[in-house]
file data.txt (compact mmCIF, C-alpha atoms)
# COMPACT_ATOMS: atom_id res chain seq x y z
CA MET A 14 17.33 -8.84 17.97
CA LYS A 15 19.17 -5.55 18.52
CA GLN A 16 16.35 -3.67 16.79
CA PHE A 17 13.74 -5.23 19.03
CA LEU A 18 15.70 -4.27 22.13
CA LEU A 19 15.80 -0.74 20.79
CA LEU A 20 12.06 -0.83 20.21
CA PHE A 21 11.50 -2.16 23.71
CA SER A 22 13.60 0.57 25.31
CA LEU A 23 11.64 3.10 23.25
CA LEU A 24 8.41 1.72 24.69
CA ILE A 25 9.75 2.01 28.23
CA SER A 26 10.91 5.57 27.69
CA PHE A 27 7.40 6.61 26.62
CA ASN A 28 6.19 5.34 29.96
CA LEU A 29 8.74 7.44 31.83
CA TRP A 30 7.81 10.45 29.75
CA ALA A 31 4.18 10.14 30.86
CA GLN A 32 5.20 10.10 34.51
CA GLY A 33 6.53 13.64 34.16
CA GLN A 34 2.98 14.79 34.89
CA VAL A 35 2.30 14.90 38.62
CA ALA A 36 -1.00 16.17 40.00
CA ASN A 37 -0.63 19.81 41.16
CA GLY A 38 3.11 19.51 40.69
CA PRO A 39 5.18 21.48 38.22
CA GLU A 40 3.94 20.88 34.68
CA MET A 41 6.70 19.18 32.80
CA ALA A 42 6.60 17.28 29.50
CA ASP A 43 2.83 17.24 29.14
CA LEU A 44 2.76 17.04 25.35
CA MET A 45 1.31 13.55 25.50
CA TYR A 46 -1.69 14.82 27.46
CA GLN A 47 -2.65 17.60 25.06
CA ASN A 48 -5.37 17.65 22.40
CA GLY A 49 -7.36 14.79 23.85
CA ARG A 50 -4.14 12.73 24.11
CA ILE A 51 -4.01 12.30 20.33
CA TYR A 52 -0.21 12.11 20.57
CA VAL A 53 -0.53 8.78 22.34
CA VAL A 54 -2.24 7.37 19.24
CA VAL A 55 0.42 8.89 17.00
CA ALA A 56 3.13 7.30 19.15
CA THR A 57 1.41 3.92 18.98
CA LEU A 58 1.06 4.00 15.22
CA LEU A 59 4.65 5.18 14.81
CA ILE A 60 5.89 2.29 16.95
CA LEU A 61 3.84 -0.16 14.88
CA MET A 62 5.16 1.22 11.60
CA ILE A 63 8.76 1.23 12.85
CA GLY A 64 8.24 -2.40 13.89
CA PHE A 65 6.98 -3.28 10.42
CA PHE A 66 9.85 -1.41 8.79
CA LEU A 67 12.39 -3.31 10.92
CA TYR A 68 10.73 -6.57 9.86
CA LEU A 69 10.97 -5.61 6.19
CA TRP A 70 14.59 -4.52 6.67
CA LYS A 71 15.49 -7.87 8.24
CA ALA A 72 13.76 -9.79 5.43
CA GLU A 73 15.70 -7.55 3.06
CA ARG A 74 19.02 -8.62 4.59
CA LYS A 75 18.10 -12.30 4.68
CA ILE A 76 17.18 -12.29 0.99
CA GLY A 77 20.38 -10.36 0.29
CA GLU A 78 22.33 -13.21 1.89
CA LEU A 79 20.48 -15.76 -0.25
CA GLU A 80 21.29 -13.77 -3.37
CA ARG A 81 24.97 -13.54 -2.51
CA LYS A 82 25.07 -17.27 -1.80
CA TYR A 83 23.19 -18.53 -4.86
CA LEU A 84 23.37 -15.87 -7.55
CA ASP A 85 26.73 -14.11 -7.41
CA MET B 2 13.65 -4.53 -11.74
CA ILE B 3 15.98 -6.81 -9.76
CA GLY B 4 18.64 -4.08 -9.63
CA PHE B 5 16.07 -1.54 -8.48
CA SER B 6 14.76 -4.06 -5.94
CA ARG B 7 18.17 -4.33 -4.38
CA SER B 8 18.92 -0.61 -4.08
CA LYS B 9 18.28 1.02 -0.75
CA TRP B 10 17.56 4.71 -1.34
CA TRP B 11 13.89 4.36 -2.16
CA LYS B 12 13.27 2.19 0.89
CA ILE B 13 14.71 4.89 3.12
CA LEU B 14 12.45 7.36 1.27
CA THR B 15 9.48 5.08 1.99
CA VAL B 16 10.20 5.05 5.72
CA LEU B 17 10.69 8.84 5.88
CA LEU B 18 7.57 9.57 3.83
CA LEU B 19 5.33 7.30 5.89
CA ILE B 20 6.62 8.61 9.22
CA TYR B 21 5.90 12.13 7.95
CA VAL B 22 2.46 11.02 6.74
CA ILE B 23 1.46 9.48 10.08
CA ILE B 24 2.55 12.54 12.05
CA GLY B 25 1.01 14.95 9.52
CA ALA B 26 -2.21 13.03 9.09
CA PHE B 27 -2.93 13.04 12.81
CA LEU B 28 -1.59 16.40 13.92
CA LEU B 29 -2.10 18.92 11.10
CA LYS B 30 -5.29 20.94 11.08
CA VAL B 31 -8.04 19.59 8.83
CA PRO B 32 -11.12 21.37 7.43
CA ALA B 33 -14.23 20.96 9.58
CA LEU B 34 -16.62 19.17 7.22
CA PRO B 35 -20.18 18.06 7.96
CA VAL B 36 -20.64 14.28 8.46
CA LEU B 37 -16.94 13.59 7.95
CA HIS B 38 -15.59 15.47 11.00
CA GLU B 39 -12.15 14.09 11.94
CA THR B 40 -12.61 11.06 9.67
CA ILE B 41 -11.38 13.24 6.80
CA ARG B 42 -7.94 12.17 8.06
CA ASN B 43 -8.72 8.77 6.52
CA LEU B 44 -7.98 10.51 3.22
CA HIS B 45 -4.30 9.84 3.95
CA PHE B 46 -4.79 6.14 4.66
CA HIS B 47 -7.84 4.76 2.83
CA VAL B 48 -7.50 6.64 -0.48
CA PRO B 49 -3.77 5.87 -1.02
CA MET B 50 -4.67 2.17 -0.87
CA TRP B 51 -6.63 2.62 -4.12
CA PHE B 52 -4.08 4.89 -5.77
CA GLY B 53 -1.36 2.46 -4.71
CA MET B 54 -3.37 -0.50 -5.99
CA TYR B 55 -3.83 1.16 -9.37
CA LEU B 56 -0.14 2.06 -9.68
CA LEU B 57 0.99 -1.44 -8.67
CA PHE B 58 -1.45 -2.99 -11.16
CA LEU B 59 -0.17 -0.59 -13.82
CA VAL B 60 3.43 -1.75 -13.39
CA ALA B 61 2.21 -5.36 -13.26
CA ALA B 62 0.32 -4.90 -16.54
CA ILE B 63 3.40 -3.38 -18.18
CA TYR B 64 5.45 -6.44 -17.20
CA SER B 65 2.71 -8.77 -18.48
CA LEU B 66 2.80 -6.91 -21.78
CA ARG B 67 6.59 -7.18 -21.89
CA PHE B 68 6.31 -10.92 -21.29
CA LEU B 69 3.81 -11.29 -24.14
CA TRP B 70 5.94 -9.09 -26.39
CA GLY B 71 9.00 -11.26 -25.78
CA ASN B 72 6.86 -14.33 -26.29
CA ARG B 73 6.06 -13.40 -29.92
CA SER B 74 9.50 -14.51 -31.03
CA GLY B 75 10.53 -17.55 -29.06
CA ARG B 76 10.37 -17.59 -25.29
CA GLY B 77 9.12 -14.74 -23.16
CA ASN B 78 11.12 -13.81 -20.10
CA LEU B 79 9.58 -15.66 -17.14
CA ALA B 80 11.09 -13.05 -14.81
CA HIS B 81 8.66 -10.50 -16.28
CA ASP B 82 5.79 -12.82 -15.41
CA LEU B 83 7.18 -13.12 -11.88
CA TYR B 84 7.24 -9.32 -11.48
CA ALA B 85 3.66 -9.11 -12.74
CA GLU B 86 2.53 -11.85 -10.37
CA GLU B 87 4.00 -10.37 -7.22
CA LEU B 88 3.05 -6.77 -8.02
CA SER B 89 -0.52 -7.94 -8.64
CA ASN B 90 -0.51 -9.81 -5.33
CA VAL B 91 0.41 -6.69 -3.37
CA GLY B 92 -2.04 -4.62 -5.44
CA LEU B 93 -4.74 -7.12 -4.51
CA LEU B 94 -3.79 -6.79 -0.84
CA PHE B 95 -4.09 -3.00 -1.15
CA GLY B 96 -7.50 -3.40 -2.79
CA ILE B 97 -8.79 -5.71 -0.05
CA LEU B 98 -7.49 -3.33 2.63
CA GLY B 99 -9.16 -0.48 0.71
CA LEU B 100 -12.48 -2.33 0.77
CA ILE B 101 -12.24 -3.05 4.50
CA THR B 102 -11.13 0.46 5.51
CA GLY B 103 -13.81 1.85 3.18
CA ALA B 104 -16.47 -0.24 4.91
CA VAL B 105 -15.35 1.00 8.33
CA TRP B 106 -15.36 4.60 7.12
CA ALA B 107 -18.79 4.12 5.50
CA ARG B 108 -20.21 2.67 8.72
CA TYR B 109 -19.57 5.91 10.58
CA THR B 110 -20.42 8.36 7.81
CA TRP B 111 -22.97 6.70 5.52
CA GLY B 112 -24.44 4.60 8.33
CA GLU B 113 -23.78 1.09 7.01
CA TRP B 114 -20.75 -1.11 6.44
CA TRP B 115 -21.96 -1.95 2.95
CA SER B 116 -24.76 0.09 1.49
CA GLY B 117 -24.52 -1.27 -2.03
CA ASP B 118 -23.13 2.06 -3.19
CA VAL B 119 -22.02 1.84 -6.83
CA LYS B 120 -18.44 2.74 -5.88
CA GLN B 121 -18.29 -0.04 -3.28
CA ASN B 122 -19.76 -2.63 -5.66
CA MET B 123 -17.44 -1.70 -8.51
CA ALA B 124 -14.41 -1.73 -6.21
CA ALA B 125 -15.40 -5.23 -5.14
CA ILE B 126 -15.58 -6.31 -8.80
CA VAL B 127 -12.04 -5.03 -9.42
CA VAL B 128 -10.79 -6.99 -6.42
CA LEU B 129 -12.57 -10.09 -7.75
CA LEU B 130 -10.88 -9.66 -11.15
CA TYR B 131 -7.48 -9.90 -9.48
CA LEU B 132 -8.56 -12.71 -7.17
CA ALA B 133 -9.47 -14.55 -10.38
CA TYR B 134 -5.95 -13.86 -11.62
CA THR B 135 -4.41 -15.69 -8.66
CA VAL B 136 -6.90 -18.57 -8.98
CA LEU B 137 -6.15 -18.80 -12.70
CA ARG B 138 -2.42 -18.96 -11.99
CA SER B 139 -2.79 -21.68 -9.38
CA SER B 140 -4.78 -23.83 -11.82
CA MET B 141 -1.76 -24.36 -14.11
CA ASP B 142 1.51 -26.15 -13.44
CA ASP B 143 3.44 -25.47 -16.62
CA PRO B 144 5.29 -22.19 -16.03
CA GLU B 145 5.30 -21.20 -19.72
CA LEU B 146 1.61 -21.82 -20.26
CA ARG B 147 0.73 -20.21 -16.94
CA ALA B 148 2.74 -17.12 -17.78
CA ARG B 149 1.05 -16.75 -21.19
CA VAL B 150 -2.54 -17.17 -19.98
CA ALA B 151 -2.02 -15.14 -16.81
CA SER B 152 -0.36 -12.29 -18.70
CA VAL B 153 -3.32 -11.98 -21.06
CA TRP B 154 -5.75 -12.00 -18.14
CA ASN B 155 -3.64 -9.45 -16.27
CA VAL B 156 -3.59 -6.97 -19.15
CA PHE B 157 -7.34 -7.43 -19.61
CA SER B 158 -7.98 -6.83 -15.91
CA PHE B 159 -5.93 -3.67 -15.85
CA VAL B 160 -7.67 -2.19 -18.89
CA ALA B 161 -11.03 -3.00 -17.26
CA ILE B 162 -10.27 -1.10 -14.04
CA TYR B 163 -10.74 2.41 -15.37
CA PRO B 164 -14.21 1.89 -16.90
CA ILE B 165 -15.37 -0.17 -13.92
CA LEU B 166 -14.08 2.03 -11.13
CA ILE B 167 -14.22 5.50 -12.68
CA VAL B 168 -16.58 5.60 -15.68
CA ILE B 169 -19.51 3.45 -14.51
CA PRO B 170 -19.88 5.08 -11.05
CA ASN B 171 -20.21 8.46 -12.81
CA TYR B 172 -23.53 7.37 -14.30
CA TYR B 173 -25.07 6.62 -10.93
CA GLU B 174 -25.87 8.47 -7.75
CA SER B 175 -23.14 7.73 -5.28
CA MET B 176 -22.29 8.89 -1.80
CA HIS B 177 -18.61 8.38 -2.54
CA PRO B 178 -16.57 11.52 -3.29
CA GLY B 179 -15.58 11.78 -6.91
CA SER B 180 -18.82 10.37 -8.29
CA SER B 181 -21.81 12.25 -9.67
CA GLY B 182 -23.54 14.53 -7.20
CA ASN B 183 -20.39 14.62 -5.15
CA GLU B 184 -17.50 16.82 -6.12
CA GLY B 185 -14.78 14.82 -4.45
CA PHE B 186 -11.37 16.36 -4.43
CA VAL B 187 -12.63 19.77 -5.51
CA VAL B 188 -14.43 20.08 -2.19
CA TYR B 189 -11.25 19.55 -0.28
CA ASP B 190 -9.33 22.02 -2.46
CA LYS B 191 -11.68 24.85 -1.68
CA LEU B 192 -11.52 24.25 2.03
CA ASP B 193 -7.98 23.43 2.84
CA VAL B 194 -4.89 23.03 0.74
CA SER B 195 -3.00 21.57 3.69
CA LEU B 196 -4.58 18.16 3.04
CA ARG B 197 -2.54 17.93 -0.15
CA PHE B 198 0.74 18.34 1.73
CA VAL B 199 0.05 15.04 3.42
CA PHE B 200 -2.09 13.31 0.77
CA TYR B 201 0.42 13.32 -2.10
CA PRO B 202 3.35 12.12 0.05
CA ALA B 203 0.94 9.51 1.43
CA VAL B 204 0.16 8.18 -2.06
CA ILE B 205 3.87 7.96 -2.90
CA GLY B 206 4.80 6.50 0.50
CA TRP B 207 2.15 3.76 0.61
CA THR B 208 2.77 2.84 -3.03
CA LEU B 209 6.51 2.53 -2.38
CA LEU B 210 5.75 0.36 0.66
CA GLY B 211 3.76 -1.95 -1.62
CA LEU B 212 6.62 -1.99 -4.10
CA TRP B 213 9.01 -2.88 -1.29
CA MET B 214 6.80 -5.76 -0.15
CA ALA B 215 6.50 -7.06 -3.71
CA SER B 216 10.22 -6.70 -4.35
CA LEU B 217 11.11 -8.94 -1.40
CA ARG B 218 8.99 -11.80 -2.72
CA ILE B 219 10.23 -11.19 -6.25
CA ARG B 220 13.86 -11.48 -5.16
CA ALA B 221 13.24 -14.61 -3.08
CA LYS B 222 11.42 -16.34 -5.94
CA TYR B 223 13.96 -15.08 -8.47
CA VAL B 224 16.71 -16.97 -6.63
CA VAL B 225 14.65 -20.18 -6.75
CA MET B 226 13.77 -19.78 -10.43
CA LYS B 227 17.39 -19.10 -11.28
CA ARG B 228 18.45 -22.28 -9.46
CA LEU B 229 15.76 -24.28 -11.26
CA ASP B 230 17.08 -22.92 -14.56
CA LEU B 231 13.73 -21.39 -15.45
CA LEU B 232 15.28 -18.06 -16.34
CA SER B 233 17.42 -17.41 -19.36

call {"tool": "encode", "arguments": {"input": "data.txt", "output": "structure tokens"}}
result
Amino acid sequence: MKQFLLLFSLLISFNLWAQGQVANGPEMADLMYQNGRIYVVVATLLILMIGFFLYLWKAERKIGELERKYLD
Amino acid sequence: MIGFSRSKWWKILTVLLLIYVIIGAFLLKVPALPVLHETIRNLHFHVPMWFGMYLLFLVAAIYSLRFLWGNRSGRGNLAHDLYAEELSNVGLLFGILGLITGAVWARYTWGEWWSGDVKQNMAAIVVLLYLAYTVLRSSMDDPELRARVASVWNVFSFVAIYPILIVIPNYYESMHPGSSGNEGFVVYDKLDVSLRFVFYPAVIGWTLLGLWMASLRIRAKYVVMKRLDLLS
């Protein structure tokens, strides 16, 4: 659960990051707007992969518990 | 295998490698090639599926051989058969994903999802060989018998991959890189070495991810088999 909260807050922070760009205003963190906004795709894929890794890690721990309970 | 499955260092390596691969694959400069354009970046995602499949099948075949070897004198170790089964399952998944991603890539470069290219057809045959392996397994209830028959099939399948996927396509015209009339990797080498800095880590990273997925199922089933007294 903690990991998913972390992931969620990460998602929200990306949103805030994007708001740094204001029309005609000072150009702030505009990395996400460069190169045809390819960084947005990179961010999406990274979030997906991190989500999958967290899932694997949790499965890892659950199986570890089973092993401690039934094998050791 | 079980000890290696439980250790953590290579899982951390997997995560780091794949994060590097995703960033590198999208953001590093790639050679401007005709037809391929930006799709050359698929090199870091589609191709490692096949390399990963082959490596997973290789380890699976080694465990099938070890099972058969142990089976000569008395009982083979059913744990070896379990490793072979689960590694083959993930290898099969990689192969199916390779076929699908290949079809998507082909649609936008060769013009059709499936053009009956020799490389596509042969890849499909390899996938069918391993689908047959899972069907064969599910047709038998006796673990000993199943392990024996499946191990033989598994070794046969692995030996068949190289001639089917590498040798045969070389005798035919193919649009796929690496076949006759198409230089494959050599083309990329001449143009840009930077592809290799992502491609090789990608092969290792995706393969390790497959190993991780297989190891989880292996460990879960290992507990059950141990409780059922199937393992010595």

call {"tool": "closest_residue", "arguments": {"input": "data.txt", "among": "B:Asp230, B:Asp82, B:Glu113, B:Asp118", "to": "chain A", "atoms": "only C-alpha atoms"}}
result
B:Asp230

call {"tool": "interface_residues", "arguments": {"input": "data.txt", "of": "chain B", "to": "chain A", "cutoff": "12 Å", "atoms": "only C-alpha atoms", "output": "ChimeraX atom specification"}}
result
/B:3-4,6-9,12-30,39,207,210-230

call {"tool": "atom_distance", "arguments": {"input": "data.txt", "atom1": "atom CA of B:Arg147", "atom2": "atom CA of B:Ser65"}}
result
11.7 Å

call {"tool": "residues_near_point", "arguments": {"input": "data.txt", "point": "(-2.1, -21.3, -17.9)", "cutoff": "12 Å", "atoms": "all atoms listed in the file", "output": "number ranges by chain"}}
result
B: 82, 134-154

call {"tool": "write_last_selection", "arguments": {"input": "data.txt", "atoms": "C-alpha atoms", "output": "PDB file, in the coordinates of the input"}}
result
ATOM      1  CA  ASP B  82       5.790 -12.820 -15.410  1.00  0.00           C
ATOM      2  CA  TYR B 134      -5.950 -13.860 -11.620  1.00  0.00           C
ATOM      3  CA  THR B 135      -4.410 -15.690  -8.660  1.00  0.00           C
ATOM      4  CA  VAL B 136      -6.900 -18.570  -8.980  1.00  0.00           C
ATOM      5  CA  LEU B 137      -6.150 -18.800 -12.700  1.00  0.00           C
ATOM      6  CA  ARG B 138      -2.420 -18.960 -11.990  1.00  0.00           C
ATOM      7  CA  SER B 139      -2.790 -21.680  -9.380  1.00  0.00           C
ATOM      8  CA  SER B 140      -4.780 -23.830 -11.820  1.00  0.00           C
ATOM      9  CA  MET B 141      -1.760 -24.360 -14.110  1.00  0.00           C
ATOM     10  CA  ASP B 142       1.510 -26.150 -13.440  1.00  0.00           C
ATOM     11  CA  ASP B 143       3.440 -25.470 -16.620  1.00  0.00           C
ATOM     12  CA  PRO B 144       5.290 -22.190 -16.030  1.00  0.00           C
ATOM     13  CA  GLU B 145       5.300 -21.200 -19.720  1.00  0.00           C
ATOM     14  CA  LEU B 146       1.610 -21.820 -20.260  1.00  0.00           C
ATOM     15  CA  ARG B 147       0.730 -20.210 -16.940  1.00  0.00           C
ATOM     16  CA  ALA B 148       2.740 -17.120 -17.780  1.00  0.00           C
ATOM     17  CA  ARG B 149       1.050 -16.750 -21.190  1.00  0.00           C
ATOM     18  CA  VAL B 150      -2.540 -17.170 -19.980  1.00  0.00           C
ATOM     19  CA  ALA B 151      -2.020 -15.140 -16.810  1.00  0.00           C
ATOM     20  CA  SER B 152      -0.360 -12.290 -18.700  1.00  0.00           C
ATOM     21  CA  VAL B 153      -3.320 -11.980 -21.060  1.00  0.00           C
ATOM     22  CA  TRP B 154      -5.750 -12.000 -18.140  1.00  0.00           C
TER      23      TRP B 154
END

call {"tool": "atom_distance", "arguments": {"input": "data.txt", "atom1": "atom CA of B:Ile97", "atom2": "atom CA of B:Ala125"}}
result
8.4 Å

call {"tool": "atom_distance", "arguments": {"input": "data.txt", "atom1": "atom CA of B:Tyr109", "atom2": "atom CA of B:Ala203"}}
result
22.7 Å

call {"tool": "closest_residue", "arguments": {"input": "data.txt", "among": "B:Leu100, B:His81, B:Phe5, B:Met176", "to": "B:Gly112", "atoms": "all atoms listed in the file"}}
result
B:Met176

call {"tool": "closest_residue", "arguments": {"input": "data.txt", "among": "B:Ala33, B:Leu59, B:Met123, B:Leu231", "to": "B:Val160", "atoms": "all atoms listed in the file"}}
result
B:Leu59

call {"tool": "residues_near_point", "arguments": {"input": "data.txt", "point": "(2.1, 5.6, -10.6)", "cutoff": "12 Å", "atoms": "all atoms listed in the file", "output": "list in words"}}
result
Pro49, Trp51, Phe52, Gly53, Met54, Tyr55, Leu56, Leu57, Phe58, Leu59, Val60, Ala61, Ile63, Tyr201, Val204, Ile205, Gly206, Trp207, Thr208, Leu209, Gly211 and Leu212 of chain B
